[in-house]
Structures are given as structure tokens and as C-alpha cells.
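Asks: Starting off with a structure, shown below.
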Amino acid sequence: MVTSLSATVPRDLVYEIILVDDGSTDGTRAWLETLSAPYRVVLNEHNLGYAGANNRGADVAKGDFLLLLNNDLLLTPRWLEPMLSTHHGLGSKAGVIGNVQLRADTAAVDHSGVFVNAKAKPEHETSLPARWLRYLRPVRLVPAVTGACALTTRSLWQSLGGFDEGFANGGEDVDFCFRAVRQNRINAVALRSVIRHHVSATPGRKLRDEQNSLRLAEKWRLELERLAYRRWCWDYLQKNWTAPQNATDHASARAALFYALRLRATPPAIAVAGMHAAMDRELARWHALLK
């Protein structure tokens, strides 16, 4: 990652590279001692996890922008410029800017934004518009982006208090993006910025997924439900499209269709009730699982 980063940073950019060693024991610290400017090194006495390590790095940063980068990225030429351009285009409304990430092993799209699925859970978007359309519309507005490669301002980071260290290697980025939206900021993906990522390469990366999901749901239940309504409606329509005529509530189906097509401003009552019940079931499952 460091080699690809050094080779692709724009020459006219004033920058520093802060490397946070999160309690490694594999010889990394000896290698870090060989580095000089523009590298700065932060050594954690013990492993603080993803949120804590990023917070420590951000605490010592001096630039106007913060760019979070995982250590398992492969950065490609001109990946940074579209992210900066997207942030500039959004102006004072800019929140967190992400990019397109391809799996390093297969080149399949792993991330082009984060959406909330019909079960009210954040999920990576893996679709892309046609190449020509990406040049006409190079920015995708999204609720959140992955923190594996994310750009924001240091002032916004500080005002939001950085990552919530109550999360353990999962959910910190979505939580931060939601907090940015709460401050009337807009999160977006720069579709012309494409990099490669060795996805979830860290051992133990998924060990606390359930705990992280529960924490996110408890903090952001209403927002997750709101973001899930439209997909819930599509899911409801697909399940009931071929149902017998007398088994379908036509008024509810019409309301769900109009909302799904953005012809109705407010979600139908059936979606609100269905989403609320689904979240109740999931919270009960989490509490039973993690008690």
C-alpha cells in the first residue's frame, strides 16, 4: 500500500503520510524506523482496533483534509483527484467521500457506496453505471461509504469526535457517516476514483460483527428503518406480485409501488409497520444471541 500510495499522490499536493502501528509484533516497527518525511509514525503500545488506531492518527494530523486508508489497498494512478474534486463540488455540504473499490484478487466491484437493505442493514453497493454514464455523472450520493478509503475534512472529523471506539472493527465508518448527515452533510462516492482492495484481510476481522450490528441498530434504529423503506416496498411487491388476487391488499400494494417509484413522498403505513416489526425481531435475536 505504501509503495502504491507514494507513486500516486499528486506531485503538487502538500501532504503528510501518518502510519499507525497498532501494536504489531512482526517486525513492522523496525521497518517503520527506516522511513523519513513525508512519513510520520504513531506507535500504539497495544492494539486499539480500527477506530482507536484511526483516531490516534487523526489526532496528530496537521492537514485540512484527512484521508483514511487501510493497509491492504492497492492505489492506482489518479485515484485521489476525483475524490478531492467531488468534495470541492459539494462545497460546505460535503461530508465523507468514498470511491470505487475492486477486489484485488478478482477485480469484481466490492464497494461503490453503502446502502441500507430491506432488512435495515448496511450493505456495500456493488453495481456501477456504464462507463460513459460515469463521465456524465461522476458522483453518486449515498448514505455512507466504507472507511477503507475515505476523505473528509479535519474540522468535520474533530467536530464529530472521530470514530466511536465502542465499535470493534466494523460499523465505525457507517456510524461516522450517519453523524455527518445529521449535521446536514452529504456523503458521496467519486465514481471515477478506482482502487483495489484485499477485502477483510485482517485476521479476526469478522469476529464481532453481531455486536457491531447491534450497536449500530441501537444508535440508529430510526435512520436505518427510514433508509430501508423503499427497498422494503420493492421486496413486498416482489413477494406479492404473483399472489392470489384475494390475498393481496391492493391499496397497500399501490401505496408501496408509488413510494418505491418515488411518486409518493411518505412511506406507506404497511412499510413503516413491516420495517418496525422486522427490526424488533432482529433486536430480539441479537439480545438472545449476545446475552
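By convention in this document, the chains of the C-alpha cells carry letters A, B, ... by their order, each chain's residues are numbered from 1, and ligands are numbered from 1 in the order they are shown.
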Would you please extract all alpha helix (DSSP H) residues from range 225-282 of chain A, as assigned by DSSP on the backbone, and give them as a ChimeraX atom specification?
Replies: /A:225-240,250-260,269-282
Asks: Hey, what does DSSP flag as strand (DSSP E or B) within range 26-132 of chain A? Can you give it to me as a PyMOL selection string?
Replies: chain A and resi 39-43+65-69+73-74+94-103+109-111+114-116+122-124
Asks: If we count only C-alpha atoms and set the cut-off at 10 Å, which residues sit around range 54-63 of chain A, ignoring sequence neighbours fewer than 2 positions away in its own chain? Please answer as a PDB file with N, CA and C atoms, in the first residue's frame.
Replies:
```pdb
ATOM      1  N   VAL A  14       0.569  19.222  -1.118  1.00  0.00           N
ATOM      2  CA  VAL A  14       1.318  19.268   0.141  1.00  0.00           C
ATOM      3  C   VAL A  14       0.661  18.267   1.092  1.00  0.00           C
ATOM      4  N   TYR A  15       1.408  17.297   1.554  1.00  0.00           N
ATOM      5  CA  TYR A  15       0.779  16.227   2.326  1.00  0.00           C
ATOM      6  C   TYR A  15       1.763  15.622   3.322  1.00  0.00           C
ATOM      7  N   GLU A  16       1.205  14.843   4.237  1.00  0.00           N
ATOM      8  CA  GLU A  16       1.966  14.006   5.151  1.00  0.00           C
ATOM      9  C   GLU A  16       1.311  12.633   5.147  1.00  0.00           C
ATOM     10  N   ILE A  17       2.113  11.612   5.393  1.00  0.00           N
ATOM     11  CA  ILE A  17       1.597  10.245   5.478  1.00  0.00           C
ATOM     12  C   ILE A  17       1.827   9.760   6.907  1.00  0.00           C
ATOM     13  N   ILE A  18       0.732   9.520   7.618  1.00  0.00           N
ATOM     14  CA  ILE A  18       0.803   9.084   9.013  1.00  0.00           C
ATOM     15  C   ILE A  18       0.525   7.582   9.059  1.00  0.00           C
ATOM     16  N   LEU A  19       1.503   6.834   9.503  1.00  0.00           N
ATOM     17  CA  LEU A  19       1.360   5.387   9.619  1.00  0.00           C
ATOM     18  C   LEU A  19       1.174   5.035  11.092  1.00  0.00           C
ATOM     19  N   VAL A  20       0.058   4.383  11.387  1.00  0.00           N
ATOM     20  CA  VAL A  20      -0.244   4.000  12.769  1.00  0.00           C
ATOM     21  C   VAL A  20       0.036   2.514  12.938  1.00  0.00           C
ATOM     22  N   ASP A  21       1.011   2.196  13.771  1.00  0.00           N
ATOM     23  CA  ASP A  21       1.306   0.801  14.087  1.00  0.00           C
ATOM     24  C   ASP A  21       0.485   0.411  15.310  1.00  0.00           C
ATOM     25  N   ASP A  22      -0.452  -0.489  15.101  1.00  0.00           N
ATOM     26  CA  ASP A  22      -1.428  -0.791  16.149  1.00  0.00           C
ATOM     27  C   ASP A  22      -0.983  -1.978  16.999  1.00  0.00           C
ATOM     28  N   ARG A  40       5.166  10.026   8.931  1.00  0.00           N
ATOM     29  CA  ARG A  40       5.167  10.198  10.369  1.00  0.00           C
ATOM     30  C   ARG A  40       4.603   8.919  10.967  1.00  0.00           C
ATOM     31  N   VAL A  41       5.141   8.526  12.084  1.00  0.00           N
ATOM     32  CA  VAL A  41       4.778   7.230  12.657  1.00  0.00           C
ATOM     33  C   VAL A  41       4.167   7.405  14.045  1.00  0.00           C
ATOM     34  N   VAL A  42       3.072   6.714  14.274  1.00  0.00           N
ATOM     35  CA  VAL A  42       2.434   6.644  15.589  1.00  0.00           C
ATOM     36  C   VAL A  42       2.512   5.195  16.043  1.00  0.00           C
ATOM     37  N   LEU A  43       3.058   4.957  17.231  1.00  0.00           N
ATOM     38  CA  LEU A  43       3.212   3.603  17.756  1.00  0.00           C
ATOM     39  C   LEU A  43       2.259   3.399  18.927  1.00  0.00           C
ATOM     40  N   ASN A  44       1.293   2.518  18.749  1.00  0.00           N
ATOM     41  CA  ASN A  44       0.383   2.173  19.845  1.00  0.00           C
ATOM     42  C   ASN A  44       1.033   1.110  20.729  1.00  0.00           C
ATOM     43  N   LEU A  48      -5.359  -1.156  19.559  1.00  0.00           N
ATOM     44  CA  LEU A  48      -6.549  -0.377  19.907  1.00  0.00           C
ATOM     45  C   LEU A  48      -7.728  -0.685  18.997  1.00  0.00           C
ATOM     46  N   GLY A  49      -7.490  -1.430  17.926  1.00  0.00           N
ATOM     47  CA  GLY A  49      -8.559  -1.696  16.970  1.00  0.00           C
ATOM     48  C   GLY A  49      -8.675  -0.594  15.948  1.00  0.00           C
ATOM     49  N   TYR A  50      -9.554  -0.814  14.987  1.00  0.00           N
ATOM     50  CA  TYR A  50      -9.674   0.079  13.833  1.00  0.00           C
ATOM     51  C   TYR A  50     -10.029   1.505  14.227  1.00  0.00           C
ATOM     52  N   ALA A  51     -11.031   1.672  15.082  1.00  0.00           N
ATOM     53  CA  ALA A  51     -11.468   3.018  15.466  1.00  0.00           C
ATOM     54  C   ALA A  51     -10.375   3.745  16.239  1.00  0.00           C
ATOM     55  N   GLY A  52      -9.812   3.079  17.232  1.00  0.00           N
ATOM     56  CA  GLY A  52      -8.796   3.713  18.050  1.00  0.00           C
ATOM     57  C   GLY A  52      -7.550   4.083  17.269  1.00  0.00           C
ATOM     58  N   PHE A  65      -7.377  18.268   5.155  1.00  0.00           N
ATOM     59  CA  PHE A  65      -8.128  17.059   4.813  1.00  0.00           C
ATOM     60  C   PHE A  65      -7.533  15.858   5.535  1.00  0.00           C
ATOM     61  N   LEU A  66      -8.393  14.916   5.858  1.00  0.00           N
ATOM     62  CA  LEU A  66      -7.980  13.609   6.347  1.00  0.00           C
ATOM     63  C   LEU A  66      -8.387  12.571   5.310  1.00  0.00           C
ATOM     64  N   LEU A  67      -7.469  11.685   4.990  1.00  0.00           N
ATOM     65  CA  LEU A  67      -7.786  10.588   4.079  1.00  0.00           C
ATOM     66  C   LEU A  67      -7.445   9.289   4.784  1.00  0.00           C
ATOM     67  N   LEU A  68      -8.480   8.528   5.143  1.00  0.00           N
ATOM     68  CA  LEU A  68      -8.283   7.255   5.827  1.00  0.00           C
ATOM     69  C   LEU A  68      -7.973   6.179   4.801  1.00  0.00           C
ATOM     70  N   LEU A  69      -6.924   5.412   5.042  1.00  0.00           N
ATOM     71  CA  LEU A  69      -6.519   4.368   4.106  1.00  0.00           C
ATOM     72  C   LEU A  69      -6.193   3.093   4.866  1.00  0.00           C
ATOM     73  N   ASN A  70      -6.835   1.991   4.496  1.00  0.00           N
ATOM     74  CA  ASN A  70      -6.465   0.700   5.067  1.00  0.00           C
ATOM     75  C   ASN A  70      -5.116   0.262   4.522  1.00  0.00           C
ATOM     76  N   GLY A 147     -14.906   3.031   5.366  1.00  0.00           N
ATOM     77  CA  GLY A 147     -13.754   3.765   5.861  1.00  0.00           C
ATOM     78  C   GLY A 147     -12.430   3.255   5.330  1.00  0.00           C
ATOM     79  N   THR A 153     -12.865  16.356   5.933  1.00  0.00           N
ATOM     80  CA  THR A 153     -12.041  17.442   6.462  1.00  0.00           C
ATOM     81  C   THR A 153     -11.679  17.168   7.919  1.00  0.00           C
ATOM     82  N   ARG A 154     -10.551  17.674   8.317  1.00  0.00           N
ATOM     83  CA  ARG A 154     -10.145  17.513   9.710  1.00  0.00           C
ATOM     84  C   ARG A 154     -11.119  18.239  10.640  1.00  0.00           C
ATOM     85  N   SER A 155     -11.659  19.372  10.170  1.00  0.00           N
ATOM     86  CA  SER A 155     -12.601  20.117  11.020  1.00  0.00           C
ATOM     87  C   SER A 155     -13.871  19.325  11.266  1.00  0.00           C
ATOM     88  N   TRP A 157     -14.148  16.022  11.120  1.00  0.00           N
ATOM     89  CA  TRP A 157     -13.736  14.886  11.963  1.00  0.00           C
ATOM     90  C   TRP A 157     -13.697  15.296  13.425  1.00  0.00           C
ATOM     91  N   GLN A 158     -13.091  16.438  13.686  1.00  0.00           N
ATOM     92  CA  GLN A 158     -12.969  16.898  15.071  1.00  0.00           C
ATOM     93  C   GLN A 158     -14.324  17.280  15.665  1.00  0.00           C
ATOM     94  N   GLY A 161     -16.044  14.188  16.639  1.00  0.00           N
ATOM     95  CA  GLY A 161     -15.363  13.373  17.649  1.00  0.00           C
ATOM     96  C   GLY A 161     -14.725  12.116  17.111  1.00  0.00           C
ATOM     97  N   GLY A 162     -14.488  12.057  15.777  1.00  0.00           N
ATOM     98  CA  GLY A 162     -13.838  10.879  15.203  1.00  0.00           C
ATOM     99  C   GLY A 162     -14.699   9.641  15.262  1.00  0.00           C
ATOM    100  N   PHE A 163     -14.055   8.481  15.192  1.00  0.00           N
ATOM    101  CA  PHE A 163     -14.773   7.210  15.230  1.00  0.00           C
ATOM    102  C   PHE A 163     -15.206   6.869  16.655  1.00  0.00           C
ATOM    103  N   ASP A 164     -16.346   6.229  16.761  1.00  0.00           N
ATOM    104  CA  ASP A 164     -16.853   5.718  18.035  1.00  0.00           C
ATOM    105  C   ASP A 164     -16.091   4.434  18.366  1.00  0.00           C
ATOM    106  N   GLU A 165     -15.286   4.480  19.430  1.00  0.00           N
ATOM    107  CA  GLU A 165     -14.454   3.334  19.781  1.00  0.00           C
ATOM    108  C   GLU A 165     -15.238   2.223  20.476  1.00  0.00           C
TER     109      GLU A 165
END
```
Asks: Could you check which of A:Leu283, A:Leu289, A:Val116, A:Leu191 is closest to Trp132 in chain A, using only C-alpha atoms?
Replies: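 Checking each of A:Leu283, A:Leu289, A:Val116, A:Leu191 against Trp132 in chain A, counting only C-alpha atoms, the winner is A:Leu191.
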Asks: Please, what distance in Å, to one decimal, runs between CA of Thr28 in chain A and CA of Arg196 in chain A?
Replies: 22.5 Å
Asks: Tell me which protein, DNA and RNA residues are within 10 Å of Ala108 in chain A, counting only C-alpha atoms, leaving out same-chain ones fewer than 4 positions away, and put them as a ChimeraX atom specification.
Replies: /A:101-104,126-127,196
Asks: Name the residues in contact with range 213-224 of chain A at a cut-off of 10 Å, using only C-alpha atoms, excluding same-chain residues fewer than 4 positions from it; report them as a ChimeraX atom specification.
Replies: /A:115-122,143,166-167,170-172,174-175,178-179,182,208-209,228-229,275-276,279-280,282-283,285-287,290
Asks: Mind checking which residues fall within 10 Å of range 72-79 of chain A, counting only C-alpha atoms, ignoring those fewer than 2 positions away in the same chain, and posting them as a ChimeraX atom specification?
Replies: /A:1-10,69-70,81-84,99-104,148-149,190-202
Asks: Quick one: residues within 7 Å of range 95-97 of chain A, only C-alpha atoms counted, chain neighbours fewer than 4 positions away excluded, as an mmCIF file with N, CA and C atoms, in the first residue's frame?
Replies:
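Contents of around_4.cif, as written:
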```cif
data_model
loop_
_atom_site.group_PDB
_atom_site.id
_atom_site.type_symbol
_atom_site.label_atom_id
_atom_site.label_comp_id
_atom_site.auth_asym_id
_atom_site.auth_seq_id
_atom_site.Cartn_x
_atom_site.Cartn_y
_atom_site.Cartn_z
ATOM 1 N N MET A 83 -11.693 12.277 -5.910
ATOM 2 C CA MET A 83 -12.242 12.401 -4.555
ATOM 3 C C MET A 83 -12.174 13.849 -4.094
ATOM 4 N N HIS A 87 -15.416 16.394 -3.375
ATOM 5 C CA HIS A 87 -15.552 17.172 -2.145
ATOM 6 C C HIS A 87 -15.696 18.656 -2.466
ATOM 7 N N ALA A 150 -11.462 6.765 2.618
ATOM 8 C CA ALA A 150 -12.485 7.786 2.827
ATOM 9 C C ALA A 150 -11.835 9.141 3.081
ATOM 10 N N LEU A 151 -12.405 10.165 2.464
ATOM 11 C CA LEU A 151 -11.884 11.527 2.559
ATOM 12 C C LEU A 151 -12.880 12.420 3.287
ATOM 13 N N THR A 152 -12.377 13.210 4.230
ATOM 14 C CA THR A 152 -13.205 14.197 4.902
ATOM 15 C C THR A 152 -12.295 15.325 5.377
ATOM 16 N N CYS A 177 -20.498 8.366 9.170
ATOM 17 C CA CYS A 177 -21.214 8.955 8.031
ATOM 18 C C CYS A 177 -22.613 9.409 8.429
ATOM 19 N N ALA A 180 -22.382 12.582 10.211
ATOM 20 C CA ALA A 180 -22.155 13.685 9.277
ATOM 21 C C ALA A 180 -23.469 14.137 8.645
ATOM 22 N N ARG A 185 -24.635 17.210 6.263
ATOM 23 C CA ARG A 185 -23.599 16.965 5.272
ATOM 24 C C ARG A 185 -24.050 15.889 4.293
ATOM 25 N N ILE A 186 -23.404 15.866 3.146
ATOM 26 C CA ILE A 186 -23.737 14.922 2.080
ATOM 27 C C ILE A 186 -22.560 13.983 1.866
ATOM 28 N N ASN A 187 -22.808 12.689 1.937
ATOM 29 C CA ASN A 187 -21.785 11.686 1.655
ATOM 30 C C ASN A 187 -21.901 11.241 0.208
ATOM 31 N N ALA A 188 -20.781 10.936 -0.414
ATOM 32 C CA ALA A 188 -20.804 10.644 -1.845
ATOM 33 C C ALA A 188 -19.661 9.719 -2.230
ATOM 34 N N VAL A 189 -19.822 9.091 -3.393
ATOM 35 C CA VAL A 189 -18.775 8.254 -3.987
ATOM 36 C C VAL A 189 -18.295 8.923 -5.267
ATOM 37 N N ALA A 190 -16.985 9.068 -5.382
ATOM 38 C CA ALA A 190 -16.378 9.567 -6.619
ATOM 39 C C ALA A 190 -16.203 8.381 -7.559
#
```
